[in-house]
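Visitor: Quick one: this structure, given as structure tokens, is what I'll be asking you about.
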Amino acid sequence: MKASAFSYARATSVVNALELLAAHGDKAKVLSGGQSLMPAMNLRLISPELILDIGEIAELRGIAVRGGVLAIGALTRHVELARSPEIAAHAPLLTEAIVHVAHPAIRNRGTLGGSLAHADPASELPACMVALDATIIVRGQAGERRIAAKDFFMGIYETALSAQELLVAVELPVARKNSAHFFCEFARRHGDYAIAGLAAQAIVEGDVFTDLRLGFFAIGDRPVLAKAASRLVNVAATPAVLFEASSALGEELDPQEDQQASASMRRHLAKVLLGRCASALLGRPDLDAGGPV
Amino acid sequence: MTARIQISLDVNGERVDAHVLPRLNLADFLREQLQLTGTHVGCEHGVCGACTVRVNGEIVRSCLMLAVQTQGASVETIEGLSDSGEIVDLQAAFRDRNALQCGFCTPGMLIAAQDLLKQTPDPDRERIREHLSGNYCRCTGYQAIIDAVETTARVRMGRKP
């Protein structure tokens, strides 16, 4: 189908964009890369009165490392994340995850800010932000708010962003010593939305996790930072410990059912991912040997 | 407020000036206003890849881009790539390998495959599959398409097909 009629404004700066958002509120929709917004409009799932194109705002672009912080502008495209040496050095989880986001033609247009503001629970980048303990920076006419990623995502397509605010950047702590990451997802076709996926960031000292952040996606109404991770931290990993963590994960998750998978299948896949993650990051094939627990 | 907006862009090397409604996507602009009907419209929500074109040298879904967003851009369609001879060998390989039947996906496949070969001159079959994963073909079963791209890569690398 075709999008219904709307009017169009091209913002010249963040200040200009915020003025337009203040004037139009939730009747306006921000167009970044358009790779989720355009399908939704073409399918007539949404029919905004005004499309506010922020694509020309240069101040929203760029990747920079300052001190211990990696700052990524909202308009940074997926292809730029994939090719960035700064991202590969300081947040390699993103480099690995990004090739699972849709297909090359979509990664050439889609942006980090757009993906996060859209907040599809099956998409990869929100879960990466939660695993990486990112800070989402949003700006409104009253000023800037800094929101922890785990508090930013509030439901299906729902975030802490108000209709008068613009997501301007993301800040990530740079990878610490002994950092390790894991990314895996199950999808019907390479590049499709995941049926279940895991983005994990860890600190491994010797053969023990001293920190572990598990960001599951496509298994709830938002990315899930699994509490069960704590059961694997500062303990010698044994099959029994993994079994306990896996059981706790199963209790903790509340997966949705859809045409792709039942809730129990998603719970099962999440446990499989946990086993693979622990096994891969600790270099312990035995932990994954028995398959899901 | 939903008035037409003036845009100037470059399409296949020619300057184009037009007035377009904001809702008009790039695929429909190319097909209906410029009669460049080699760009096909399949799903209209970014899944099938039939509408793939190049904008500023990078492949995009033309159904997921508004015509107004191409202000100042350089757009290349299958007509441009065909006329310039850039993909003549790839097109011949598609024909020789029976990599098309109905032809609906072919313009998008060719543009996506050429994009891969420009970035990765010697891809293995897995890499070819990955790069073409966003382009649906309902006729060939894909094997022949992978064959054609692999053959073209080999010939361009100066090896036997």
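Within each chain, counting starts at residue 1; across the structure tokens, chains are named A, B, ... in the order shown, with ligands numbered 1 upward in that order.
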Near chain B, meaning an atom within 7 Å, which residues of chain A appear when counting only C-alpha atoms? Write them as a PyMOL selection string.
Guide: chain A and resi 1+3-8+34-35+38-39+42+103-106+108-109+190
Visitor: Convert the current residue selection to file output with N, CA and C atoms, as a PDB file, in the first residue's frame.
Guide:
```
ATOM      1  N   MET A   1       0.838  -1.202   0.000  1.00  0.00           N
ATOM      2  CA  MET A   1       0.000   0.000   0.000  1.00  0.00           C
ATOM      3  C   MET A   1       0.869   1.246   0.000  1.00  0.00           C
ATOM      4  N   ALA A   3       1.563   5.201   1.648  1.00  0.00           N
ATOM      5  CA  ALA A   3       1.333   6.017   2.838  1.00  0.00           C
ATOM      6  C   ALA A   3       0.195   7.001   2.562  1.00  0.00           C
ATOM      7  N   SER A   4      -0.581   7.313   3.591  1.00  0.00           N
ATOM      8  CA  SER A   4      -1.603   8.349   3.429  1.00  0.00           C
ATOM      9  C   SER A   4      -0.913   9.721   3.392  1.00  0.00           C
ATOM     10  N   ALA A   5      -1.668  10.731   2.999  1.00  0.00           N
ATOM     11  CA  ALA A   5      -1.061  12.053   2.789  1.00  0.00           C
ATOM     12  C   ALA A   5      -0.567  12.648   4.102  1.00  0.00           C
ATOM     13  N   PHE A   6       0.546  13.338   4.013  1.00  0.00           N
ATOM     14  CA  PHE A   6       1.075  14.062   5.169  1.00  0.00           C
ATOM     15  C   PHE A   6       1.822  15.284   4.653  1.00  0.00           C
ATOM     16  N   SER A   7       2.047  16.221   5.543  1.00  0.00           N
ATOM     17  CA  SER A   7       2.916  17.321   5.149  1.00  0.00           C
ATOM     18  C   SER A   7       4.321  17.042   5.643  1.00  0.00           C
ATOM     19  N   TYR A   8       5.258  17.800   5.128  1.00  0.00           N
ATOM     20  CA  TYR A   8       6.671  17.451   5.289  1.00  0.00           C
ATOM     21  C   TYR A   8       7.467  18.688   5.665  1.00  0.00           C
ATOM     22  N   GLY A  34      14.099   6.031   8.318  1.00  0.00           N
ATOM     23  CA  GLY A  34      12.816   5.669   7.714  1.00  0.00           C
ATOM     24  C   GLY A  34      12.597   4.184   7.492  1.00  0.00           C
ATOM     25  N   GLN A  35      13.518   3.340   7.971  1.00  0.00           N
ATOM     26  CA  GLN A  35      13.420   1.922   7.614  1.00  0.00           C
ATOM     27  C   GLN A  35      12.391   1.154   8.453  1.00  0.00           C
ATOM     28  N   MET A  38       8.751   4.099   7.441  1.00  0.00           N
ATOM     29  CA  MET A  38       8.141   4.011   6.107  1.00  0.00           C
ATOM     30  C   MET A  38       7.290   2.752   5.934  1.00  0.00           C
ATOM     31  N   PRO A  39       7.768   1.561   6.358  1.00  0.00           N
ATOM     32  CA  PRO A  39       6.873   0.398   6.269  1.00  0.00           C
ATOM     33  C   PRO A  39       5.588   0.602   7.065  1.00  0.00           C
ATOM     34  N   ASN A  42       3.458   2.864   5.034  1.00  0.00           N
ATOM     35  CA  ASN A  42       2.960   2.202   3.817  1.00  0.00           C
ATOM     36  C   ASN A  42       1.871   1.179   4.140  1.00  0.00           C
ATOM     37  N   HIS A 103      19.120  -6.079   6.167  1.00  0.00           N
ATOM     38  CA  HIS A 103      19.916  -6.406   4.987  1.00  0.00           C
ATOM     39  C   HIS A 103      20.733  -5.186   4.572  1.00  0.00           C
ATOM     40  N   PRO A 104      21.745  -5.389   3.684  1.00  0.00           N
ATOM     41  CA  PRO A 104      22.626  -4.265   3.344  1.00  0.00           C
ATOM     42  C   PRO A 104      21.878  -2.994   2.914  1.00  0.00           C
ATOM     43  N   ALA A 105      20.869  -3.133   2.067  1.00  0.00           N
ATOM     44  CA  ALA A 105      20.177  -1.936   1.571  1.00  0.00           C
ATOM     45  C   ALA A 105      19.482  -1.190   2.705  1.00  0.00           C
ATOM     46  N   ILE A 106      19.059  -1.919   3.722  1.00  0.00           N
ATOM     47  CA  ILE A 106      18.388  -1.287   4.862  1.00  0.00           C
ATOM     48  C   ILE A 106      19.422  -0.704   5.827  1.00  0.00           C
ATOM     49  N   ASN A 108      22.097   0.611   4.979  1.00  0.00           N
ATOM     50  CA  ASN A 108      22.606   1.851   4.384  1.00  0.00           C
ATOM     51  C   ASN A 108      21.753   3.066   4.751  1.00  0.00           C
ATOM     52  N   ARG A 109      20.521   2.848   5.193  1.00  0.00           N
ATOM     53  CA  ARG A 109      19.629   3.969   5.528  1.00  0.00           C
ATOM     54  C   ARG A 109      19.301   4.020   7.021  1.00  0.00           C
ATOM     55  N   HIS A 190      18.327 -14.998   7.342  1.00  0.00           N
ATOM     56  CA  HIS A 190      19.344 -14.041   7.769  1.00  0.00           C
ATOM     57  C   HIS A 190      18.807 -12.632   7.570  1.00  0.00           C
TER      58      HIS A 190
END
```
Visitor: Rank A:Glu96, A:Glu59, A:Glu144, A:Asp207 by their smallest atom-to-atom distance to Cys128 (chain A), using only C-alpha atoms, and report the top residue only.
Guide: A:Glu96
Visitor: When you look at Ile63 (chain A) with a cut-off of 7 Å (counting only C-alpha atoms), what residues show up, excluding the ones that are within fewer than 4 positions of it in the same chain? I need them as a list of chain:residue names.
Guide: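 So the residues in contact are A:Ala71, A:Ile72, A:Gly73.
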Visitor: Could those residues be written to a file, using N, CA and C atoms, as an mmCIF file, in the first residue's frame?
Guide:
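Written file, out16.cif:
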```
data_model
loop_
_atom_site.group_PDB
_atom_site.id
_atom_site.type_symbol
_atom_site.label_atom_id
_atom_site.label_comp_id
_atom_site.auth_asym_id
_atom_site.auth_seq_id
_atom_site.Cartn_x
_atom_site.Cartn_y
_atom_site.Cartn_z
ATOM 1 N N ALA A 71 30.704 8.112 22.325
ATOM 2 C CA ALA A 71 29.470 8.842 22.010
ATOM 3 C C ALA A 71 29.103 8.606 20.546
ATOM 4 N N ILE A 72 27.853 8.246 20.317
ATOM 5 C CA ILE A 72 27.396 7.939 18.953
ATOM 6 C C ILE A 72 26.178 8.804 18.648
ATOM 7 N N GLY A 73 26.277 9.604 17.600
ATOM 8 C CA GLY A 73 25.165 10.470 17.212
ATOM 9 C C GLY A 73 23.970 9.659 16.735
#
```
Visitor: Report as a ChimeraX atom specification all protein, DNA and RNA residues lying within 9 Å of Asn98 (chain B), evaluated on only C-alpha atoms, omitting residues in the same chain fewer than 4 positions from it.
Guide: /B:93-94,140,144-145,148
Visitor: Those same residues - C-alpha atoms - I'd like them written as a short mmCIF file (atom, residue, chain, number, x, y, z; two decimals), in the first residue's frame.
Guide:
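The resulting part.cif:
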```
data_model
loop_
_atom_site.label_atom_id
_atom_site.label_comp_id
_atom_site.auth_asym_id
_atom_site.auth_seq_id
_atom_site.Cartn_x
_atom_site.Cartn_y
_atom_site.Cartn_z
CA ALA B 93 25.88 -14.60 -16.46
CA PHE B 94 22.30 -14.40 -15.16
CA THR B 140 14.74 -19.93 -9.20
CA ALA B 144 21.34 -20.32 -10.10
CA ILE B 145 21.56 -16.73 -8.91
CA ALA B 148 25.78 -16.38 -11.75
#
```
Visitor: Do you know which residues are at most 7 Å from Thr210 (chain A) counting only C-alpha atoms, after dropping those on the same chain fewer than 3 positions away, and could you put them as an MDAnalysis selection string?
Guide: chainID A and resid 203:205 233:234
Visitor: For the selection just defined, write its residues with N, CA and C atoms to a file, as a compact mmCIF listing (two decimals), in the first residue's frame.
Guide:
```txt
# COMPACT_ATOMS: atom_id res chain seq x y z
N ILE A 203 32.62 -9.35 31.89
CA ILE A 203 34.03 -9.29 32.28
C ILE A 203 34.38 -10.70 32.75
N VAL A 204 35.42 -11.26 32.14
CA VAL A 204 35.84 -12.62 32.50
C VAL A 204 37.24 -12.56 33.07
N GLU A 205 37.38 -12.99 34.31
CA GLU A 205 38.72 -13.05 34.91
C GLU A 205 39.05 -14.50 35.18
N VAL A 233 27.78 -15.05 38.25
CA VAL A 233 28.86 -14.11 38.52
C VAL A 233 29.58 -14.48 39.82
N ASN A 234 30.92 -14.43 39.74
CA ASN A 234 31.78 -14.73 40.89
C ASN A 234 31.55 -16.13 41.46
```
Visitor: Considering only C-alpha atoms, return as a ChimeraX atom specification whatever protein or nucleic-acid residues lie within 8 Å of Ile128 (chain B), sequence-local ones (same chain, fewer than 5 positions apart) excluded.
Guide: /B:113,116,123,146,149-150
Visitor: Take the residues just selected and output them with N, CA and C atoms as an mmCIF file, in the first residue's frame.
Guide:
```cif
data_model
loop_
_atom_site.group_PDB
_atom_site.id
_atom_site.type_symbol
_atom_site.label_atom_id
_atom_site.label_comp_id
_atom_site.auth_asym_id
_atom_site.auth_seq_id
_atom_site.Cartn_x
_atom_site.Cartn_y
_atom_site.Cartn_z
ATOM 1 N N ALA B 113 23.706 -7.562 -6.272
ATOM 2 C CA ALA B 113 24.883 -8.377 -6.570
ATOM 3 C C ALA B 113 26.062 -7.502 -6.992
ATOM 4 N N LEU B 116 27.662 -5.989 -3.993
ATOM 5 C CA LEU B 116 28.566 -6.942 -3.328
ATOM 6 C C LEU B 116 29.901 -7.014 -4.053
ATOM 7 N N PRO B 123 33.885 -12.955 -3.441
ATOM 8 C CA PRO B 123 33.097 -13.489 -2.327
ATOM 9 C C PRO B 123 32.889 -14.996 -2.445
ATOM 10 N N ILE B 146 23.132 -17.530 -7.241
ATOM 11 C CA ILE B 146 24.447 -17.598 -6.582
ATOM 12 C C ILE B 146 25.502 -18.009 -7.617
ATOM 13 N N VAL B 149 26.445 -15.032 -9.861
ATOM 14 C CA VAL B 149 27.259 -14.010 -9.188
ATOM 15 C C VAL B 149 28.680 -14.544 -8.980
ATOM 16 N N GLU B 150 28.760 -15.806 -8.600
ATOM 17 C CA GLU B 150 30.074 -16.421 -8.375
ATOM 18 C C GLU B 150 30.876 -16.457 -9.688
#
```
Visitor: Under the rule that only C-alpha atoms are counted, which of B:Ala99, B:Ala50, B:Ala153, B:Leu9 is the nearest residue to Ser74 (chain B)?
Guide: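 Of B:Ala99, B:Ala50, B:Ala153, B:Leu9, the one nearest Ser74 (chain B), counting only C-alpha atoms, is B:Leu9.
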Visitor: In region 1-60 of chain B, what's helix (DSSP H, G or I) per DSSP? Answer as JSON, numbers by chain?
Guide: {"B": [26, 27, 28, 29, 30, 31, 32, 33]}
Visitor: Take the residues that were just selected and, keeping C-alpha atoms, output them as an mmCIF file, in the first residue's frame.
Guide:
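Result file result-v1.cif:
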```
data_model
loop_
_atom_site.group_PDB
_atom_site.id
_atom_site.type_symbol
_atom_site.label_atom_id
_atom_site.label_comp_id
_atom_site.auth_asym_id
_atom_site.auth_seq_id
_atom_site.Cartn_x
_atom_site.Cartn_y
_atom_site.Cartn_z
ATOM 1 C CA LEU B 26 11.106 7.038 -4.594
ATOM 2 C CA ALA B 27 10.010 3.819 -6.338
ATOM 3 C CA ASP B 28 6.714 5.330 -7.459
ATOM 4 C CA PHE B 29 8.448 8.566 -8.447
ATOM 5 C CA LEU B 30 10.855 6.657 -10.708
ATOM 6 C CA ARG B 31 8.138 4.490 -12.214
ATOM 7 C CA GLU B 32 5.260 6.910 -12.592
ATOM 8 C CA GLN B 33 6.859 10.302 -13.120
#
```
Visitor: Excluding Leu81 (chain B) and residues on its chain fewer than 6 positions from it, collect all residues at most 12 Å away from it, counting only C-alpha atoms, and give them as a list in words.
Guide: Val11, Asn12, Gly13, Gly38, Thr39, Val53, Arg54, Gly57, Val75, Ile87, Val88, Asp89, Leu90, Gln91, Pro107, Gly108, Leu110, Ile111, Ala112, Gln114 and Asp115 of chain B
Visitor: What is the CA of Val138 (chain A)-CA of Asp221 (chain A) distance in Å, reported with one decimal?
Guide: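 Between CA of Val138 (chain A) and CA of Asp221 (chain A) the gap is 21.8 Å.
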Visitor: What is the CA of Glu49 (chain A)-CA of Ala28 (chain A) distance in Å, reported with one decimal?
Guide: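 CA of Glu49 (chain A) sits 5.9 Å away from CA of Ala28 (chain A).
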Visitor: Enumerate, as a list in words, the complete set of residues in region 4-37 of chain B that a backbone-based DSSP assignment places in strand (DSSP E or B).
Guide: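 Filtering region 4-37 of chain B down to strand (DSSP E or B) leaves Ile5, Gln6, Ile7, Ser8, Leu9, Asp10, Val11, Glu14, Arg15, Val16, Asp17, Ala18, His19, Val20 and Asn25 of chain B.
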Visitor: Quick one: write out the picked residues with C-alpha atoms as a PDB file, in the first residue's frame?
Guide:
```pdb
ATOM      1  CA  ILE B   5       7.575  20.151  -2.949  1.00  0.00           C
ATOM      2  CA  GLN B   6      10.191  20.958  -5.516  1.00  0.00           C
ATOM      3  CA  ILE B   7      13.166  18.607  -5.774  1.00  0.00           C
ATOM      4  CA  SER B   8      16.257  18.550  -7.953  1.00  0.00           C
ATOM      5  CA  LEU B   9      18.259  15.390  -8.278  1.00  0.00           C
ATOM      6  CA  ASP B  10      20.393  13.437 -10.665  1.00  0.00           C
ATOM      7  CA  VAL B  11      18.893  10.268 -12.128  1.00  0.00           C
ATOM      8  CA  GLU B  14      20.638  13.359 -15.974  1.00  0.00           C
ATOM      9  CA  ARG B  15      19.429  16.325 -13.969  1.00  0.00           C
ATOM     10  CA  VAL B  16      15.770  15.996 -12.980  1.00  0.00           C
ATOM     11  CA  ASP B  17      13.586  18.781 -11.559  1.00  0.00           C
ATOM     12  CA  ALA B  18      10.166  17.791 -10.279  1.00  0.00           C
ATOM     13  CA  HIS B  19       7.342  18.721  -7.957  1.00  0.00           C
ATOM     14  CA  VAL B  20       6.291  15.837  -5.745  1.00  0.00           C
ATOM     15  CA  ASN B  25       8.033   7.219  -2.408  1.00  0.00           C
TER      16      ASN B  25
END
```
